[in-house]
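Heads up, start_1.pdb below (PDB, C-alpha atoms):
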```pdb
ATOM      1  CA  MET A   1     -13.977  15.617   6.855  1.00  0.00           C
ATOM      2  CA  ILE A   2     -11.097  18.105   6.701  1.00  0.00           C
ATOM      3  CA  ARG A   3      -8.608  15.238   7.087  1.00  0.00           C
ATOM      4  CA  SER A   4     -10.252  13.425   4.183  1.00  0.00           C
ATOM      5  CA  ALA A   5      -9.924  16.492   1.981  1.00  0.00           C
ATOM      6  CA  VAL A   6      -6.274  16.964   2.936  1.00  0.00           C
ATOM      7  CA  PHE A   7      -5.463  13.323   2.205  1.00  0.00           C
ATOM      8  CA  LEU A   8      -7.297  13.419  -1.123  1.00  0.00           C
ATOM      9  CA  SER A   9      -5.413  16.603  -2.050  1.00  0.00           C
ATOM     10  CA  LEU A  10      -2.123  14.882  -1.213  1.00  0.00           C
ATOM     11  CA  ILE A  11      -2.994  11.905  -3.409  1.00  0.00           C
ATOM     12  CA  LEU A  12      -4.101  14.118  -6.302  1.00  0.00           C
ATOM     13  CA  SER A  13      -0.958  16.264  -6.076  1.00  0.00           C
ATOM     14  CA  LEU A  14       1.205  13.146  -6.447  1.00  0.00           C
ATOM     15  CA  ALA A  15      -0.860  11.556  -9.201  1.00  0.00           C
ATOM     16  CA  PRO A  16       0.410  11.554 -12.767  1.00  0.00           C
ATOM     17  CA  PRO A  17      -1.454  13.451 -15.495  1.00  0.00           C
ATOM     18  CA  ALA A  18      -4.878  12.036 -16.307  1.00  0.00           C
ATOM     19  CA  HIS A  19      -3.838  10.954 -19.808  1.00  0.00           C
ATOM     20  CA  ALA A  20      -1.064   8.717 -18.452  1.00  0.00           C
ATOM     21  CA  GLY A  21      -2.832   5.579 -17.280  1.00  0.00           C
ATOM     22  CA  PRO A  22      -1.320   3.270 -14.690  1.00  0.00           C
ATOM     23  CA  ASP A  23       1.288   0.667 -15.675  1.00  0.00           C
ATOM     24  CA  ARG A  24      -0.099  -1.902 -13.249  1.00  0.00           C
ATOM     25  CA  VAL A  25      -3.303  -2.587 -11.299  1.00  0.00           C
ATOM     26  CA  SER A  26      -3.150  -4.636  -8.103  1.00  0.00           C
ATOM     27  CA  ILE A  27      -6.033  -6.311  -6.318  1.00  0.00           C
ATOM     28  CA  LEU A  28      -5.413  -6.658  -2.594  1.00  0.00           C
ATOM     29  CA  LEU A  29      -7.001  -9.851  -1.297  1.00  0.00           C
ATOM     30  CA  GLY A  30      -5.969 -10.224   2.309  1.00  0.00           C
ATOM     31  CA  SER A  31      -3.459 -10.120   5.106  1.00  0.00           C
ATOM     32  CA  HIS A  32      -1.959 -12.183   7.885  1.00  0.00           C
ATOM     33  CA  HIS A  33      -1.061 -10.613  11.240  1.00  0.00           C
ATOM     34  CA  VAL A  34       2.034 -12.309  12.644  1.00  0.00           C
ATOM     35  CA  ASN A  35       1.817 -13.103  16.389  1.00  0.00           C
ATOM     36  CA  ALA A  36      -1.352 -11.047  16.780  1.00  0.00           C
ATOM     37  CA  SER A  37      -2.572 -10.510  20.322  1.00  0.00           C
ATOM     38  CA  ARG A  38      -6.137  -9.834  19.112  1.00  0.00           C
ATOM     39  CA  ASP A  39      -8.386 -10.717  16.184  1.00  0.00           C
ATOM     40  CA  PHE A  40      -8.092  -8.813  12.909  1.00  0.00           C
ATOM     41  CA  GLU A  41     -10.040  -9.029   9.670  1.00  0.00           C
ATOM     42  CA  GLU A  42      -7.779 -10.821   7.246  1.00  0.00           C
ATOM     43  CA  VAL A  43      -9.898 -10.485   4.132  1.00  0.00           C
ATOM     44  CA  ASN A  44      -8.993  -7.017   2.911  1.00  0.00           C
ATOM     45  CA  PRO A  45     -10.202  -6.364  -0.636  1.00  0.00           C
ATOM     46  CA  GLY A  46      -8.771  -3.320  -2.346  1.00  0.00           C
ATOM     47  CA  VAL A  47      -7.534  -1.824  -5.602  1.00  0.00           C
ATOM     48  CA  PHE A  48      -4.222  -0.034  -6.210  1.00  0.00           C
ATOM     49  CA  LEU A  49      -3.021   1.781  -9.332  1.00  0.00           C
ATOM     50  CA  HIS A  50       0.746   1.906 -10.014  1.00  0.00           C
ATOM     51  CA  TRP A  51       2.911   4.159 -12.145  1.00  0.00           C
ATOM     52  CA  THR A  52       6.353   2.636 -12.719  1.00  0.00           C
ATOM     53  CA  ASN A  53       9.493   4.803 -12.620  1.00  0.00           C
ATOM     54  CA  LEU A  54       7.481   7.996 -12.173  1.00  0.00           C
ATOM     55  CA  LEU A  55       9.246   9.599  -9.190  1.00  0.00           C
ATOM     56  CA  PHE A  56      12.797  10.671  -8.345  1.00  0.00           C
ATOM     57  CA  LYS A  57      14.006  10.912 -11.946  1.00  0.00           C
ATOM     58  CA  GLY A  58      12.603   7.516 -12.875  1.00  0.00           C
ATOM     59  CA  ARG A  59      13.996   5.653  -9.866  1.00  0.00           C
ATOM     60  CA  ALA A  60      10.774   5.010  -7.943  1.00  0.00           C
ATOM     61  CA  ASP A  61       7.151   4.022  -8.499  1.00  0.00           C
ATOM     62  CA  LEU A  62       4.009   5.764  -7.289  1.00  0.00           C
ATOM     63  CA  SER A  63       0.881   3.888  -6.214  1.00  0.00           C
ATOM     64  CA  PHE A  64      -2.380   4.825  -4.653  1.00  0.00           C
ATOM     65  CA  GLY A  65      -5.499   2.951  -3.787  1.00  0.00           C
ATOM     66  CA  ALA A  66      -8.320   2.078  -1.461  1.00  0.00           C
ATOM     67  CA  PHE A  67      -8.846  -1.038   0.637  1.00  0.00           C
ATOM     68  CA  ARG A  68     -10.812  -2.527   3.506  1.00  0.00           C
ATOM     69  CA  ASN A  69      -8.446  -2.409   6.457  1.00  0.00           C
ATOM     70  CA  SER A  70      -8.001  -5.022   9.157  1.00  0.00           C
ATOM     71  CA  TYR A  71     -10.297  -3.081  11.500  1.00  0.00           C
ATOM     72  CA  GLY A  72     -13.231  -3.447   9.077  1.00  0.00           C
ATOM     73  CA  ASP A  73     -13.181   0.116   7.757  1.00  0.00           C
ATOM     74  CA  GLY A  74     -12.210   1.708   4.448  1.00  0.00           C
ATOM     75  CA  SER A  75      -8.709   3.142   4.063  1.00  0.00           C
ATOM     76  CA  LEU A  76      -6.730   5.047   1.457  1.00  0.00           C
ATOM     77  CA  ALA A  77      -2.993   4.805   0.853  1.00  0.00           C
ATOM     78  CA  VAL A  78      -0.317   6.399  -1.282  1.00  0.00           C
ATOM     79  CA  SER A  79       3.052   4.654  -1.614  1.00  0.00           C
ATOM     80  CA  THR A  80       6.444   4.803  -3.252  1.00  0.00           C
ATOM     81  CA  ALA A  81       8.396   1.689  -4.235  1.00  0.00           C
ATOM     82  CA  PHE A  82      12.165   1.659  -4.703  1.00  0.00           C
ATOM     83  CA  PRO A  83      13.276  -1.270  -6.906  1.00  0.00           C
ATOM     84  CA  ILE A  84      16.016  -3.561  -5.667  1.00  0.00           C
ATOM     85  CA  VAL A  85      15.678  -6.162  -8.461  1.00  0.00           C
ATOM     86  CA  ARG A  86      13.296  -5.962 -11.420  1.00  0.00           C
ATOM     87  CA  LYS A  87      12.892  -8.746 -13.969  1.00  0.00           C
ATOM     88  CA  ASP A  88      10.010  -9.517 -16.329  1.00  0.00           C
ATOM     89  CA  ALA A  89       8.635 -12.356 -14.210  1.00  0.00           C
ATOM     90  CA  TRP A  90       9.560 -11.115 -10.721  1.00  0.00           C
ATOM     91  CA  SER A  91      10.612  -8.109  -8.665  1.00  0.00           C
ATOM     92  CA  PHE A  92      11.728  -7.195  -5.160  1.00  0.00           C
ATOM     93  CA  ASP A  93      11.281  -3.636  -3.813  1.00  0.00           C
ATOM     94  CA  LEU A  94      11.485  -1.535  -0.694  1.00  0.00           C
ATOM     95  CA  PHE A  95       8.409   0.603  -0.164  1.00  0.00           C
ATOM     96  CA  THR A  96       7.112   3.407   2.004  1.00  0.00           C
ATOM     97  CA  ALA A  97       3.508   4.501   2.319  1.00  0.00           C
ATOM     98  CA  LEU A  98       1.163   6.818   4.091  1.00  0.00           C
ATOM     99  CA  ALA A  99      -2.186   5.187   4.864  1.00  0.00           C
ATOM    100  CA  TRP A 100      -5.314   6.815   6.247  1.00  0.00           C
ATOM    101  CA  TYR A 101      -7.107   4.680   8.848  1.00  0.00           C
ATOM    102  CA  PRO A 102     -10.137   6.838   9.734  1.00  0.00           C
ATOM    103  CA  GLY A 103     -11.003   6.410  13.391  1.00  0.00           C
ATOM    104  CA  ASN A 104      -8.260   3.817  13.972  1.00  0.00           C
ATOM    105  CA  GLY A 105      -5.085   5.875  14.324  1.00  0.00           C
ATOM    106  CA  GLN A 106      -4.962   5.160  18.056  1.00  0.00           C
ATOM    107  CA  GLU A 107      -4.374   1.472  17.232  1.00  0.00           C
ATOM    108  CA  PHE A 108      -0.877   2.308  15.938  1.00  0.00           C
ATOM    109  CA  SER A 109       2.097   3.318  18.033  1.00  0.00           C
ATOM    110  CA  HIS A 110       3.451   5.499  15.219  1.00  0.00           C
ATOM    111  CA  ALA A 111       0.381   7.273  13.785  1.00  0.00           C
ATOM    112  CA  ILE A 112      -0.176  10.976  13.403  1.00  0.00           C
ATOM    113  CA  ASP A 113      -3.874  11.259  14.141  1.00  0.00           C
ATOM    114  CA  ASP A 114      -5.363   8.722  11.676  1.00  0.00           C
ATOM    115  CA  PHE A 115      -2.421   8.815   9.230  1.00  0.00           C
ATOM    116  CA  VAL A 116      -0.036   5.888   9.521  1.00  0.00           C
ATOM    117  CA  PRO A 117       3.441   5.798   7.958  1.00  0.00           C
ATOM    118  CA  ILE A 118       4.281   2.321   6.678  1.00  0.00           C
ATOM    119  CA  ALA A 119       7.480   0.793   5.329  1.00  0.00           C
ATOM    120  CA  GLY A 120       8.468  -2.690   4.284  1.00  0.00           C
ATOM    121  CA  VAL A 121       9.447  -4.961   1.433  1.00  0.00           C
ATOM    122  CA  GLN A 122       7.358  -6.278  -1.410  1.00  0.00           C
ATOM    123  CA  ALA A 123       7.866  -9.075  -3.884  1.00  0.00           C
ATOM    124  CA  ARG A 124       6.106 -10.043  -7.085  1.00  0.00           C
ATOM    125  CA  TYR A 125       6.230 -13.289  -9.009  1.00  0.00           C
ATOM    126  CA  LYS A 126       4.288 -13.095 -12.267  1.00  0.00           C
ATOM    127  CA  ASN A 127       0.786 -11.991 -11.153  1.00  0.00           C
ATOM    128  CA  VAL A 128       1.105 -12.631  -7.408  1.00  0.00           C
ATOM    129  CA  PHE A 129       2.446 -10.091  -4.912  1.00  0.00           C
ATOM    130  CA  MET A 130       3.195 -10.062  -1.211  1.00  0.00           C
ATOM    131  CA  GLN A 131       4.269  -7.320   1.189  1.00  0.00           C
ATOM    132  CA  ALA A 132       5.935  -7.693   4.586  1.00  0.00           C
ATOM    133  CA  ILE A 133       5.420  -4.793   6.973  1.00  0.00           C
ATOM    134  CA  PRO A 134       7.301  -5.033  10.291  1.00  0.00           C
ATOM    135  CA  SER A 135       5.428  -3.975  13.443  1.00  0.00           C
ATOM    136  CA  GLY A 136       2.187  -3.035  11.721  1.00  0.00           C
ATOM    137  CA  GLY A 137       0.652  -1.877  15.008  1.00  0.00           C
ATOM    138  CA  GLN A 138       0.705  -2.324  18.749  1.00  0.00           C
ATOM    139  CA  ALA A 139      -0.845  -5.804  18.649  1.00  0.00           C
ATOM    140  CA  VAL A 140       1.277  -7.533  15.967  1.00  0.00           C
ATOM    141  CA  ASP A 141       4.921  -8.250  15.173  1.00  0.00           C
ATOM    142  CA  ALA A 142       4.380  -7.829  11.420  1.00  0.00           C
ATOM    143  CA  THR A 143       1.671  -7.774   8.791  1.00  0.00           C
ATOM    144  CA  LEU A 144       1.846  -9.738   5.548  1.00  0.00           C
ATOM    145  CA  THR A 145      -0.416  -8.662   2.686  1.00  0.00           C
ATOM    146  CA  PHE A 146      -1.023 -10.466  -0.586  1.00  0.00           C
ATOM    147  CA  GLY A 147      -2.955 -10.251  -3.801  1.00  0.00           C
ATOM    148  CA  LEU A 148      -2.881 -10.279  -7.577  1.00  0.00           C
ATOM    149  CA  THR A 149      -1.279  -7.741  -9.886  1.00  0.00           C
ATOM    150  CA  PHE A 150      -1.633  -7.149 -13.629  1.00  0.00           C
ATOM    151  CA  ALA A 151       0.310  -5.041 -16.117  1.00  0.00           C
ATOM    152  CA  THR A 152      -1.921  -2.630 -18.020  1.00  0.00           C
ATOM    153  CA  LYS A 153       0.616  -1.948 -20.781  1.00  0.00           C
ATOM    154  CA  ASP A 154       2.812  -4.194 -22.888  1.00  0.00           C
TER
END
```

As a first step, turn the structure in this file into structure tokens.
Amino acid sequence: MIRSAVFLSLILSLAPPAHAGPDRVSILLGSHHVNASRDFEEVNPGVFLHWTNLLFKGRADLSFGAFRNSYGDGSLAVSTAFPIVRKDAWSFDLFTALAWYPGNGQEFSHAIDDFVPIAGVQARYKNVFMQAIPSGGQAVDATLTFGLTFATKD
């Protein structure tokens, strides 16, 4: 319970003011675990809110959301995306994240308790996105996630 409160406090401290709504909403649909040595849930519904150019003097995005993780439990994540190329119809970014996997931290070789640092690349084409996360845990070589994303502002 204390960990949940700390994580929620972290998310709220990074969130933009309440009057500034997100620029984008993403719906996580699923994942694929590359060369998995065990079974994972690959239907991972979730919702993420994104604020574009909010951090580091307008050079990075902030996102946070909740999703069903590949172990069948709920997770929260906060992330920062650093744009490499941004066009109207497509984008390519580097991203880092901190995800909370309650009760599953031991499944990762690089977790701190149940908090898992994540890094990878993400791409968007129109309303479809995909992320590639190298070495997503001890039992996979990489994790690919995918879903739909929608701008909330013109």

Original post:
What separation in Å, quoted to one decimal, exists between atom CA of A:Pro83 and atom CA of A:Tyr125?
Top reply: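 Atom CA of A:Tyr125 lies at a distance of 14.1 Å from atom CA of A:Pro83.
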
Subject >> Selection near stretch 117-120 of chain A, 9 Å with all atoms listed in the file, sequence-local residues under 6 positions removed, as a PyMOL selection string >> reply: chain A and resi 79+93-100+110-111+131-134+136

Original post:
Applied to the shown file, which residues does the PyMOL selection byres ((chain A and resi 30) around 10) return, written as a VMD selection string?
Top reply: chain A and resid 27 to 29 31 to 32 41 to 46 67 to 70 130 144 to 147

Subject >> atom CA of A:Gly21 to atom CA of A:Gly65, distance in Å rounded to a single decimal >> reply: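 Here the two named atoms are 14.0 Å from each other.
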
**OP:** Can you pull out every residue within 12 Å of A:Thr152, counting only C-alpha atoms, but drop anything in the same chain fewer than 6 positions away, and send it as JSON, numbers by chain?
**Re:** {"A": [20, 21, 22, 23, 24, 25, 26, 49, 50, 51, 52, 127]}

Original post:
Mind telling me what the PyMOL selection byres ((chain A and resi 54-56) around 10) catches here, as a ChimeraX atom specification?
Top reply: /A:14-16,50-53,57-63,80-82

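For the atom pair formed by atom CA of A:Ser37 and atom CA of A:Val140, the distance is 6.5 Å, given to one decimal.
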
Original post:
Could you list as a VMD selection string every residue that has an atom within 12 Å of (-4.8, 1.3, 17.1), using the file's coordinates and counting only C-alpha atoms?
Top reply: chain A and resid 38 40 69 to 71 101 to 116 136 to 140

Would you compute, for all listed atoms of stretch 36-44 of chain A, the axis-aligned bounding box grown by 5 Å on each side, and then report its centre and edge lengths in Å rounded to one decimal, as JSON?
```
{"center_x": -5.7, "center_y": -9.0, "center_z": 11.6, "size_x": 18.7, "size_y": 14.0, "size_z": 27.4}
```
